[in-house]
Amino acid sequence: MPRKTYFKKQPVQKRILPCKLNRYKYFCLALLLSLTNISFAQSKTFVKKFQPIADSLSVEYRIPTSVILGISIIESGSGKSRNCKLLNNYFGIKGKNKLKKGIKSGYKQYPDAAASFADFCRVIKKKKFYKKLKGEENYKLWIDAISKSGYSEVPELWKKRVSDAIRKNKIYITRQNN
């Protein structure tokens, strides 16, 4: 006579077949890579478009082009942020604006991108560290000084993101090296 078992039967768990799991992993990886490439392509286009403005301001204010472009990439999402689209604000500079009723923002409005870039350089020129770094081409020194000056609410993360943007877009190469 067969022995009776007194254990409850465990419910059968559905298993994802290895081939389906692999397809899912590859799909996620492909999606991630395509999004990264889109973001990288956007910032490359952004750099190409605004490098002439940044170069001319770099000569005038003696702030490295890489610093100007790197910060604008991060602060404007390569020109895709809400503040950038509505206000032509490429640097997250706070101030007054004339947006329509119903749209509120504490960020400054500019007539065009060139005005935003120029105002950023004027803001940096007023900082204590400016006289010491004026003419210095090492972007790391500038990014460190700007982050310590209170430009960002999360200075260490901001500094890393700006430095990464500069390296990924290879805008650390100075005008003299081009």
# chains A, B, ... in the order shown; residues from 1 in each chain; ligands from 1
call {"tool": "closest_atom_pairs", "arguments": {"of": "stretch 31-103 of chain A", "to": "stretch 141-164 of chain A", "cutoff": "7 Å", "atoms": "only C-alpha atoms", "output": "Markdown table"}}
result
| residue | atom | partner | partner_atom | distance |
| --- | --- | --- | --- | --- |
| A:Val67 | CA | A:Ile143 | CA | 6.9 |
| A:Gly70 | CA | A:Val162 | CA | 5.4 |
| A:Ile71 | CA | A:Val162 | CA | 5.7 |
| A:Ile74 | CA | A:Val162 | CA | 6.2 |
call {"tool": "residues_around", "arguments": {"residues": "stretch 47-55 of chain A", "least_positions_apart": "3", "cutoff": "6 Å", "atoms": "only C-alpha atoms", "output": "VMD selection string"}}
result
chain A and resid 44 58 65
call {"tool": "write_last_selection", "arguments": {"atoms": "N, CA and C atoms", "output": "mmCIF file, in the first residue's frame"}}
result
data_model
loop_
_atom_site.group_PDB
_atom_site.id
_atom_site.type_symbol
_atom_site.label_atom_id
_atom_site.label_comp_id
_atom_site.auth_asym_id
_atom_site.auth_seq_id
_atom_site.Cartn_x
_atom_site.Cartn_y
_atom_site.Cartn_z
ATOM 1 N N LYS A 44 26.342 66.218 -29.003
ATOM 2 C CA LYS A 44 27.303 66.513 -30.076
ATOM 3 C C LYS A 44 26.756 67.616 -30.994
ATOM 4 N N SER A 58 34.762 82.878 -24.665
ATOM 5 C CA SER A 58 35.969 82.387 -24.010
ATOM 6 C C SER A 58 37.127 83.365 -24.214
ATOM 7 N N THR A 65 36.266 77.409 -23.100
ATOM 8 C CA THR A 65 35.098 77.004 -23.894
ATOM 9 C C THR A 65 34.486 75.731 -23.317
#
call {"tool": "residues_around", "arguments": {"residues": "A:Leu57", "least_positions_apart": "3", "cutoff": "12 Å", "atoms": "only C-alpha atoms", "output": "list in words"}}
result
Phe50, Gln51, Pro52, Ile53, Ala54, Glu60, Tyr61, Arg62, Ile63, Pro64, Thr65, Ser66, Val67, Ile68, Leu69, Ala114, Ala115, Ser116, Phe117, Ala118, Asp119, Phe120, Cys121, Arg122, Ile124 and Lys125 of chain A
call {"tool": "residues_around", "arguments": {"residues": "A:Ser78", "least_positions_apart": "2", "cutoff": "7 Å", "atoms": "only C-alpha atoms", "output": "list in words"}}
result
Gln42, Ser43, Phe46, Ile73, Ile74, Ser76 and Lys80 of chain A
call {"tool": "atom_distance", "arguments": {"atom1": "atom CA of A:Lys127", "atom2": "atom CA of A:Asn89"}}
result
19.7 Å
call {"tool": "select_by_dssp", "arguments": {"residues": "stretch 76-146 of chain A", "states": "alpha helix (DSSP H)", "output": "PyMOL selection string"}}
result
chain A and resi 76+82-87+113-125+130-133+139-146
call {"tool": "write_last_selection", "arguments": {"atoms": "C-alpha atoms", "output": "PDB file, in the first residue's frame"}}
result
ATOM      1  CA  SER A  76      19.879  72.811 -20.397  1.00  0.00           C
ATOM      2  CA  ARG A  82      11.814  73.287 -20.278  1.00  0.00           C
ATOM      3  CA  ASN A  83      13.744  76.374 -19.123  1.00  0.00           C
ATOM      4  CA  CYS A  84      15.820  76.324 -22.265  1.00  0.00           C
ATOM      5  CA  LYS A  85      12.834  76.001 -24.602  1.00  0.00           C
ATOM      6  CA  LEU A  86      10.571  78.530 -22.840  1.00  0.00           C
ATOM      7  CA  LEU A  87      13.136  81.031 -21.571  1.00  0.00           C
ATOM      8  CA  ALA A 113      20.816  81.757 -26.672  1.00  0.00           C
ATOM      9  CA  ALA A 114      23.679  84.230 -27.152  1.00  0.00           C
ATOM     10  CA  ALA A 115      22.260  86.473 -24.418  1.00  0.00           C
ATOM     11  CA  SER A 116      22.054  83.509 -22.040  1.00  0.00           C
ATOM     12  CA  PHE A 117      25.657  82.479 -22.741  1.00  0.00           C
ATOM     13  CA  ALA A 118      26.911  86.050 -22.290  1.00  0.00           C
ATOM     14  CA  ASP A 119      25.001  86.486 -19.019  1.00  0.00           C
ATOM     15  CA  PHE A 120      26.499  83.264 -17.666  1.00  0.00           C
ATOM     16  CA  CYS A 121      29.995  84.639 -18.334  1.00  0.00           C
ATOM     17  CA  ARG A 122      29.081  87.922 -16.603  1.00  0.00           C
ATOM     18  CA  VAL A 123      27.794  85.966 -13.576  1.00  0.00           C
ATOM     19  CA  ILE A 124      31.046  83.974 -13.406  1.00  0.00           C
ATOM     20  CA  LYS A 125      33.121  87.148 -13.798  1.00  0.00           C
ATOM     21  CA  TYR A 130      37.379  84.540 -11.289  1.00  0.00           C
ATOM     22  CA  LYS A 131      40.467  86.789 -11.022  1.00  0.00           C
ATOM     23  CA  LYS A 132      42.592  83.860  -9.877  1.00  0.00           C
ATOM     24  CA  LEU A 133      41.426  81.498 -12.655  1.00  0.00           C
ATOM     25  CA  TYR A 139      38.512  72.964 -16.926  1.00  0.00           C
ATOM     26  CA  LYS A 140      38.766  70.870 -13.732  1.00  0.00           C
ATOM     27  CA  LEU A 141      39.940  73.885 -11.714  1.00  0.00           C
ATOM     28  CA  TRP A 142      37.057  75.980 -13.041  1.00  0.00           C
ATOM     29  CA  ILE A 143      34.406  73.315 -12.420  1.00  0.00           C
ATOM     30  CA  ASP A 144      35.705  72.785  -8.893  1.00  0.00           C
ATOM     31  CA  ALA A 145      35.669  76.517  -8.115  1.00  0.00           C
ATOM     32  CA  ILE A 146      32.193  77.032  -9.613  1.00  0.00           C
TER      33      ILE A 146
END
call {"tool": "atom_distance", "arguments": {"atom1": "atom CA of A:Lys94", "atom2": "atom CA of A:Lys126"}}
result
15.4 Å
call {"tool": "closest_residue", "arguments": {"among": "A:Val59, A:Ile103, A:Tyr172, A:Thr45", "to": "A:Lys134", "atoms": "only C-alpha atoms"}}
result
A:Val59
